[in-house]
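Here is the file coords.cif (mmCIF, C-alpha atoms).
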data_upload
#
loop_
_atom_site.label_atom_id
_atom_site.label_comp_id
_atom_site.auth_asym_id
_atom_site.auth_seq_id
_atom_site.Cartn_x
_atom_site.Cartn_y
_atom_site.Cartn_z
CA MET A 1 -21.34 176.30 27.96
CA THR A 2 -21.54 177.54 31.55
CA GLN A 3 -18.73 177.32 34.11
CA LEU A 4 -19.47 176.77 37.79
CA ASP A 5 -16.83 175.93 40.43
CA ASN A 6 -14.25 175.24 37.67
CA VAL A 7 -16.56 172.62 36.15
CA VAL A 8 -17.66 173.26 32.58
CA LYS A 9 -21.23 172.14 31.86
CA PRO A 10 -22.29 171.85 28.21
CA LYS A 11 -25.49 173.48 27.03
CA SER A 12 -25.83 171.56 23.78
CA LYS A 13 -24.98 168.16 22.34
CA ARG A 14 -22.33 169.73 20.16
CA SER A 15 -20.50 171.25 23.14
CA LYS A 16 -20.84 167.94 24.99
CA ARG A 17 -19.18 166.09 22.10
CA PHE A 18 -16.40 168.69 22.11
CA LEU A 19 -15.75 168.24 25.83
CA ASP A 20 -15.83 164.47 25.49
CA SER A 21 -13.21 164.65 22.74
CA ARG A 22 -10.92 166.67 25.03
CA ALA A 23 -11.50 164.51 28.10
CA PRO A 24 -8.80 162.03 29.23
CA LYS A 25 -8.96 158.65 27.48
CA LEU A 26 -7.46 155.24 28.12
CA SER A 27 -5.93 155.32 24.63
CA GLU A 28 -5.05 158.91 23.77
CA ASP A 29 -5.47 160.33 20.27
CA LEU A 30 -2.54 160.70 17.89
CA LYS A 31 -0.25 163.53 18.98
CA SER A 32 -0.41 166.65 16.83
CA ALA A 33 2.32 169.30 16.58
CA MET A 34 2.34 173.08 16.25
CA ILE A 35 5.07 174.33 13.91
CA MET A 36 5.58 178.08 14.28
CA LYS A 37 7.92 180.73 12.92
CA GLY A 38 9.09 183.55 15.21
CA GLY A 39 9.05 187.27 14.50
CA ASN A 40 12.66 187.25 13.26
CA THR A 41 13.86 184.33 11.16
CA SER A 42 16.65 183.72 8.70
CA LEU A 43 16.38 182.26 5.22
CA THR A 44 17.79 178.97 6.54
CA VAL A 45 15.17 178.66 9.29
CA THR A 46 12.37 179.75 6.95
CA GLN A 47 13.36 177.16 4.36
CA ALA A 48 13.74 174.48 7.05
CA LEU A 49 10.28 175.19 8.45
CA LYS A 50 8.78 175.23 4.95
CA ASP A 51 9.76 171.57 4.65
CA LEU A 52 7.83 170.99 7.88
CA VAL A 53 4.94 173.50 7.32
CA SER A 54 4.70 176.51 9.64
CA HIS A 55 2.81 179.72 10.44
CA PRO A 56 4.28 182.93 11.93
CA ASN A 57 3.92 183.66 15.63
CA ILE A 58 5.71 186.27 17.75
CA THR A 59 6.70 184.55 20.98
CA ARG A 60 9.76 183.52 23.00
CA PRO A 61 9.21 180.06 24.48
CA PHE A 62 12.09 180.15 26.99
CA GLU A 63 11.13 183.58 28.32
CA ASP A 64 7.34 183.18 28.32
CA SER A 65 5.52 179.97 27.42
CA THR A 66 2.02 181.35 28.07
CA SER A 67 1.18 181.81 24.40
CA LEU A 68 2.42 178.29 23.59
CA GLU A 69 0.21 176.80 26.29
CA PHE A 70 -2.74 178.87 25.02
CA PHE A 71 -2.36 177.66 21.42
CA SER A 72 -1.79 174.11 22.68
CA LYS A 73 -5.14 174.14 24.49
CA LYS A 74 -6.84 175.80 21.54
CA THR A 75 -5.55 173.32 18.95
CA ASP A 76 -5.30 170.28 21.28
CA SER A 77 -1.61 169.86 20.40
CA SER A 78 0.98 168.26 22.65
CA LEU A 79 4.10 168.91 20.51
CA PHE A 80 5.58 172.07 19.04
CA LEU A 81 8.49 173.18 16.87
CA PHE A 82 9.47 176.86 16.99
CA GLY A 83 11.94 178.50 14.60
CA SER A 84 13.63 181.87 15.15
CA HIS A 85 16.79 183.82 14.35
CA ASN A 86 18.68 186.57 16.13
CA LYS A 87 22.23 187.82 16.48
CA LYS A 88 22.86 185.94 19.74
CA ARG A 89 21.30 182.65 18.64
CA PRO A 90 21.22 182.43 14.83
CA ASN A 91 19.23 179.78 12.95
CA ASN A 92 17.36 178.49 15.98
CA LEU A 93 14.97 175.54 16.31
CA ILE A 94 13.15 174.69 19.55
CA PHE A 95 11.60 171.24 19.91
CA GLY A 96 9.14 170.87 22.77
CA ARG A 97 6.20 168.93 24.18
CA LEU A 98 3.45 169.66 26.66
CA PHE A 99 1.71 167.69 29.38
CA ASP A 100 -1.76 168.73 30.53
CA PHE A 101 -1.35 171.88 28.34
CA HIS A 102 1.80 172.94 30.23
CA VAL A 103 5.34 172.87 28.87
CA LEU A 104 7.09 169.64 29.85
CA ASP A 105 10.36 169.69 27.87
CA MET A 106 12.03 172.22 25.57
CA ILE A 107 15.34 171.73 23.80
CA GLU A 108 16.96 174.42 21.66
CA LEU A 109 19.06 173.39 18.66
CA GLY A 110 21.13 175.61 16.40
CA ILE A 111 21.42 174.90 12.68
CA GLU A 112 25.06 174.95 11.54
CA LYS A 113 24.49 173.34 8.14
CA TYR A 114 21.26 172.70 6.26
CA VAL A 115 20.44 171.05 2.94
CA SER A 116 16.80 171.34 1.86
CA LEU A 117 14.58 168.81 0.15
CA SER A 118 14.80 170.64 -3.16
CA ASP A 119 18.62 170.69 -3.12
CA ILE A 120 18.83 166.88 -3.14
CA LYS A 121 17.64 165.58 -6.48
CA ALA A 122 16.17 162.20 -5.67
CA SER A 123 12.74 160.61 -5.63
CA LYS A 124 11.01 161.16 -2.28
CA CYS A 125 8.96 158.89 -0.05
CA PRO A 126 5.16 159.29 -0.20
CA GLU A 127 3.66 161.67 2.34
CA GLY A 128 2.54 159.93 5.51
CA THR A 129 5.10 157.12 5.31
CA LYS A 130 5.96 155.86 8.79
CA PRO A 131 9.73 156.34 9.28
CA MET A 132 12.25 154.03 10.92
CA LEU A 133 14.23 155.97 13.55
CA VAL A 134 17.91 155.20 14.14
CA PHE A 135 19.94 156.79 16.97
CA ALA A 136 23.72 156.41 16.94
CA GLY A 137 26.20 157.67 19.52
CA GLU A 138 26.94 156.99 23.20
CA ALA A 139 25.52 160.37 24.25
CA PHE A 140 21.96 159.16 23.60
CA ASP A 141 22.49 156.45 26.27
CA ILE A 142 24.68 158.31 28.79
CA ASP A 143 23.90 162.04 28.86
CA ASN A 144 20.57 163.05 30.45
CA GLU A 145 19.92 165.92 28.00
CA HIS A 146 20.55 163.69 25.00
CA LYS A 147 18.29 161.02 26.51
CA ARG A 148 15.44 163.54 26.73
CA LEU A 149 16.20 164.78 23.22
CA LYS A 150 16.00 161.21 21.93
CA SER A 151 12.63 160.71 23.63
CA LEU A 152 11.40 164.04 22.23
CA LEU A 153 12.50 163.23 18.67
CA ILE A 154 10.81 159.82 18.88
CA ASP A 155 7.57 161.52 19.95
CA PHE A 156 7.89 164.03 17.11
CA PHE A 157 8.78 161.75 14.20
CA ARG A 158 7.38 158.30 15.05
CA GLY A 159 4.12 158.79 13.15
CA PRO A 160 0.81 157.04 13.82
CA THR A 161 0.57 153.79 15.78
CA VAL A 162 -0.26 150.90 13.45
CA PRO A 163 -0.76 147.18 14.18
CA ALA A 164 1.41 146.00 11.27
CA VAL A 165 3.62 147.36 8.47
CA ARG A 166 4.25 145.65 5.13
CA LEU A 167 7.83 145.16 3.99
CA ALA A 168 7.48 147.54 1.02
CA GLY A 169 6.25 150.25 3.44
CA LEU A 170 9.59 150.28 5.30
CA GLU A 171 11.22 152.76 2.95
CA HIS A 172 11.94 155.89 5.04
CA VAL A 173 14.84 156.06 7.51
CA LEU A 174 15.62 159.01 9.81
CA ASN A 175 19.10 158.76 11.28
CA PHE A 176 20.27 160.86 14.26
CA THR A 177 23.97 160.71 15.16
CA ALA A 178 25.50 162.37 18.25
CA LEU A 179 29.21 163.00 17.69
CA ASP A 180 31.67 165.62 18.98
CA GLY A 181 28.96 167.70 20.66
CA LYS A 182 26.85 167.88 17.51
CA ILE A 183 23.75 166.10 16.24
CA PHE A 184 23.57 165.05 12.60
CA MET A 185 20.14 164.36 11.15
CA ARG A 186 19.91 162.56 7.83
CA SER A 187 16.92 161.27 5.87
CA TYR A 188 17.20 158.21 3.62
CA ARG A 189 15.03 156.13 1.36
CA CYS A 190 15.34 152.33 1.46
CA LEU A 191 15.81 150.70 -1.91
CA LEU A 192 15.07 146.97 -2.14
CA LYS A 193 17.44 145.40 -4.68
CA LYS A 194 17.61 141.87 -6.04
CA SER A 195 20.01 139.68 -4.12
CA GLY A 196 19.54 136.28 -5.73
CA CYS A 197 17.67 134.93 -2.72
CA ARG A 198 14.38 135.55 -0.96
CA THR A 199 15.74 138.35 1.27
CA PRO A 200 16.31 141.55 -0.76
CA ARG A 201 19.51 143.60 -0.62
CA ILE A 202 19.06 146.99 1.07
CA GLU A 203 20.57 150.24 -0.21
CA LEU A 204 20.09 153.71 1.32
CA GLU A 205 19.63 156.82 -0.82
CA GLU A 206 19.71 160.25 0.84
CA ILE A 207 16.58 162.27 0.07
CA GLY A 208 16.83 165.19 2.51
CA PRO A 209 16.44 167.35 4.43
CA SER A 210 19.86 167.23 6.08
CA PHE A 211 20.76 169.04 9.34
CA ASP A 212 23.95 169.60 11.32
CA LEU A 213 22.69 170.73 14.73
CA VAL A 214 24.31 171.92 17.95
CA LEU A 215 22.67 171.69 21.37
CA ARG A 216 21.93 175.05 23.04
CA ARG A 217 19.48 175.82 25.87
CA THR A 218 17.30 173.19 27.54
CA HIS A 219 14.24 173.25 29.78
CA LEU A 220 13.68 169.76 31.22
CA ALA A 221 10.91 168.61 33.50
CA SER A 222 11.77 167.29 36.94
CA ASP A 223 12.05 163.53 37.41
CA ASP A 224 8.77 163.41 39.37
CA LEU A 225 6.83 165.35 36.71
CA TYR A 226 8.45 163.31 33.93
CA LYS A 227 7.43 160.11 35.69
CA LEU A 228 3.89 161.42 36.16
CA ALA A 229 3.63 162.25 32.44
CA HIS A 230 4.57 158.66 31.55
CA ARG A 231 2.15 157.02 33.95
CA GLN A 232 -0.24 154.57 32.32
CA PRO A 233 -3.78 153.76 33.49
CA LYS A 234 -4.15 150.41 35.19
CA ALA A 235 -6.60 149.29 32.52
CA LEU A 236 -3.87 149.56 29.85
CA LYS A 237 -1.18 147.72 31.77
CA PRO A 238 -0.77 144.16 30.47
CA LYS A 239 -1.76 141.49 32.95
CA LYS A 240 1.05 139.20 33.99
CA LYS A 241 0.55 135.59 32.99
CA LYS A 242 2.09 132.89 35.11
CA ASN A 243 5.17 131.14 33.68
CA ILE A 244 5.18 133.37 30.55
CA SER A 245 7.89 135.96 29.86
CA HIS A 246 9.29 137.93 26.92
CA ASP A 247 12.88 138.63 25.91
CA ALA A 248 14.35 141.89 24.62
CA PHE A 249 13.10 141.15 21.07
CA GLY A 250 9.51 140.45 22.14
CA THR A 251 9.73 136.68 21.73
CA LYS A 252 7.34 134.85 24.06
CA LEU A 253 9.00 132.33 26.38
CA GLY A 254 7.09 129.74 28.42
CA ARG A 255 8.04 127.55 31.37
CA VAL A 256 6.58 124.05 31.69
CA HIS A 257 6.55 122.26 35.09
CA MET A 258 6.73 118.43 35.11
CA GLN A 259 6.86 115.77 37.82
CA LYS A 260 10.20 114.28 38.83
CA GLN A 261 11.15 111.38 36.56
CA ASP A 262 12.78 108.10 37.62
CA LEU A 263 15.61 107.74 35.10
CA SER A 264 16.28 104.11 36.17
CA LYS A 265 13.03 103.09 34.54
CA LEU A 266 13.79 104.99 31.38
CA HIS A 267 13.70 102.73 28.32
CA THR A 268 16.57 103.50 26.00
CA ARG A 269 17.32 102.15 22.56
CA LYS A 270 19.44 98.98 22.61
CA MET A 271 22.19 98.70 20.01
CA LYS A 272 23.13 95.35 18.46
CA GLY A 273 26.83 96.11 18.73
CA LEU A 274 26.70 96.02 22.52
CA ARG A 275 25.11 92.54 22.80
CA LYS A 276 27.23 89.55 23.86
CA ARG A 277 27.84 86.82 21.32
CA ARG A 278 27.04 83.24 22.35
CA GLY A 279 29.90 81.77 20.34
CA ALA A 280 32.45 83.98 22.06
CA VAL A 281 31.39 82.67 25.48
CA VAL A 282 31.61 78.97 24.37
CA ASP A 283 35.09 79.38 22.92
CA GLY A 284 36.25 80.96 26.13
CA GLU A 285 35.00 78.02 28.22
CA GLN A 286 36.79 75.45 25.93
CA ASP A 287 40.09 77.29 26.34
CA ILE A 288 39.80 77.10 30.13
CA GLU A 289 39.09 73.34 30.06
CA GLU A 290 42.13 72.67 27.83
CA LEU A 291 44.32 74.68 30.18
CA LEU A 292 43.19 72.67 33.23
CA THR A 293 43.76 69.35 31.41
CA ALA A 294 47.34 70.30 30.60
CA LEU A 295 48.07 71.06 34.24
#
How does the structure come out when it is put into structure tokens?
Amino acid sequence: MTQLDNVVKPKSKRSKRFLDSRAPKLSEDLKSAMIMKGGNTSLTVTQALKDLVSHPNITRPFEDSTSLEFFSKKTDSSLFLFGSHNKKRPNNLIFGRLFDFHVLDMIELGIEKYVSLSDIKASKCPEGTKPMLVFAGEAFDIDNEHKRLKSLLIDFFRGPTVPAVRLAGLEHVLNFTALDGKIFMRSYRCLLKKSGCRTPRIELEEIGPSFDLVLRRTHLASDDLYKLAHRQPKALKPKKKKNISHDAFGTKLGRVHMQKQDLSKLHTRKMKGLRKRRGAVVDGEQDIEELLTAL
């Protein structure tokens, strides 16, 4: 490939296919993540990253993100998880994401308590199962840093986009709870039990890993850059249909317009109990005649 005036021109069909795969698309590919281990790590961080798969890399994301951006462009990854350990910040995990191969958000979390997959003796969910994400705690709705952390964790753990999921496939739950300045991450497996009716009874069984995390340093994008990163192409925006709306649960609601009705001409059902009796009218007239005769 040759480069002229910052425009890369492919020399072969193979390089052209490569550039086309990296070019912007209306529907972007599934996000991939880089999981890296720093030069110094503790046994806790090493074991935690083993559950997530990692490779060693000597870098300091908050001090210099150049190497992260380089590996992001090389591997076409938009998410990263970096683990490290030192005396000042022990048992460190950094969750981050990139936009246009530049760091967008980074949030540093410290591990205070960790229970690995192997320590919890329970049957696990199959690899690749799409998890259900649950966020509990007011901080995820009020605090700006926790809002960004929630968005980052959704990006990291949501899995592939699928058109539909069968009921038996909803078996993995990731729960994040913000309480007393800490973040508790728990992983559960859904067990469908017999309930005596069509809807099964749900039970949760912890399968690990389990984290007690504390929020440390943050590097958040500005509001303008964050808004730019979430901008959608016009071709993907749904077209508004007249008189059709959706509620918070996605239910489609429609409005029907009709001409004004004259209710005086409305035919209603006549009840027999409201009809006048002929005999009652005759008896009333005889009583009046008798009264006049007596006078």
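Distances from A:Leu81, A:Ser116, A:Thr129, A:Glu206 to Thr161 (chain A) were compared using all atoms listed in the file, and the smallest one belongs to A:Thr129.
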Leaving out Ser187 (chain A) and any residue of its chain fewer than 4 positions from it, which residues lie within 9 Å of it when counting only C-alpha atoms, given as a PyMOL selection string? chain A and resi 172-175+205-210
The PyMOL selection byres ((chain A and resi 137-151) around 8) on the file shown: which residues, as an mmCIF file with C-alpha atoms, in the frame of the given file?
data_model
loop_
_atom_site.group_PDB
_atom_site.id
_atom_site.type_symbol
_atom_site.label_atom_id
_atom_site.label_comp_id
_atom_site.auth_asym_id
_atom_site.auth_seq_id
_atom_site.Cartn_x
_atom_site.Cartn_y
_atom_site.Cartn_z
ATOM 1 C CA ILE A 107 15.340 171.730 23.800
ATOM 2 C CA PHE A 135 19.940 156.790 16.970
ATOM 3 C CA ALA A 136 23.720 156.410 16.940
ATOM 4 C CA LEU A 152 11.400 164.040 22.230
ATOM 5 C CA LEU A 153 12.500 163.230 18.670
ATOM 6 C CA ILE A 154 10.810 159.820 18.880
ATOM 7 C CA ASP A 155 7.570 161.520 19.950
ATOM 8 C CA THR A 177 23.970 160.710 15.160
ATOM 9 C CA ALA A 178 25.500 162.370 18.250
ATOM 10 C CA LEU A 179 29.210 163.000 17.690
ATOM 11 C CA THR A 218 17.300 173.190 27.540
ATOM 12 C CA LEU A 220 13.680 169.760 31.220
#
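Atom pair CA of Gly159 (chain A) / CA of Lys130 (chain A): separated by 5.6 Å.
Each of A:Ser118, A:Thr199, A:Ser84, A:Ser123 was compared to Leu43 (chain A) using all atoms listed in the file, and A:Ser84 turns out to be the nearest.
Across the structure, CA of Ala48 (chain A) and CA of Ala168 (chain A) are spaced 28.3 Å apart.
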Output of the PyMOL selection byres ((chain A and resi 229-235) around 9), listed as a list in words: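 Taken over the shown coordinates, the PyMOL selection byres ((chain A and resi 229-235) around 9) returns Leu26, Phe99, Asp100, Leu104, Asp224, Leu225, Tyr226, Lys227, Leu228, Leu236, Lys237 and Pro238 of chain A.
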Let's have the selection written as a JSON list (two decimals), keeping the file's coordinate frame, with C-alpha atoms.
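As written to disk, out04.json reads:
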[["chain", "number", "residue", "atom", "x", "y", "z"],
["A", 26, "LEU", "CA", -7.46, 155.24, 28.12],
["A", 99, "PHE", "CA", 1.71, 167.69, 29.38],
["A", 100, "ASP", "CA", -1.76, 168.73, 30.53],
["A", 104, "LEU", "CA", 7.09, 169.64, 29.85],
["A", 224, "ASP", "CA", 8.77, 163.41, 39.37],
["A", 225, "LEU", "CA", 6.83, 165.35, 36.71],
["A", 226, "TYR", "CA", 8.45, 163.31, 33.93],
["A", 227, "LYS", "CA", 7.43, 160.11, 35.69],
["A", 228, "LEU", "CA", 3.89, 161.42, 36.16],
["A", 236, "LEU", "CA", -3.87, 149.56, 29.85],
["A", 237, "LYS", "CA", -1.18, 147.72, 31.77],
["A", 238, "PRO", "CA", -0.77, 144.16, 30.47]]
Length of the CA of Val103 (chain A) to CA of Asn86 (chain A) vector [Å]: 23.0 Å
Using only C-alpha atoms, determine which residues lie at most 12 Å from Gly110 (chain A), disregarding the query and same-chain residues fewer than 5 positions distant; provide the list as a VMD selection string. chain A and resid 44 to 45 48 82 to 86 88 to 95 181 to 184 211 to 217
With only C-alpha atoms as the atoms that count, which of A:Glu69, A:Glu127, A:Arg14, A:Ser42 lies nearest to Lys87 (chain A)? A:Ser42
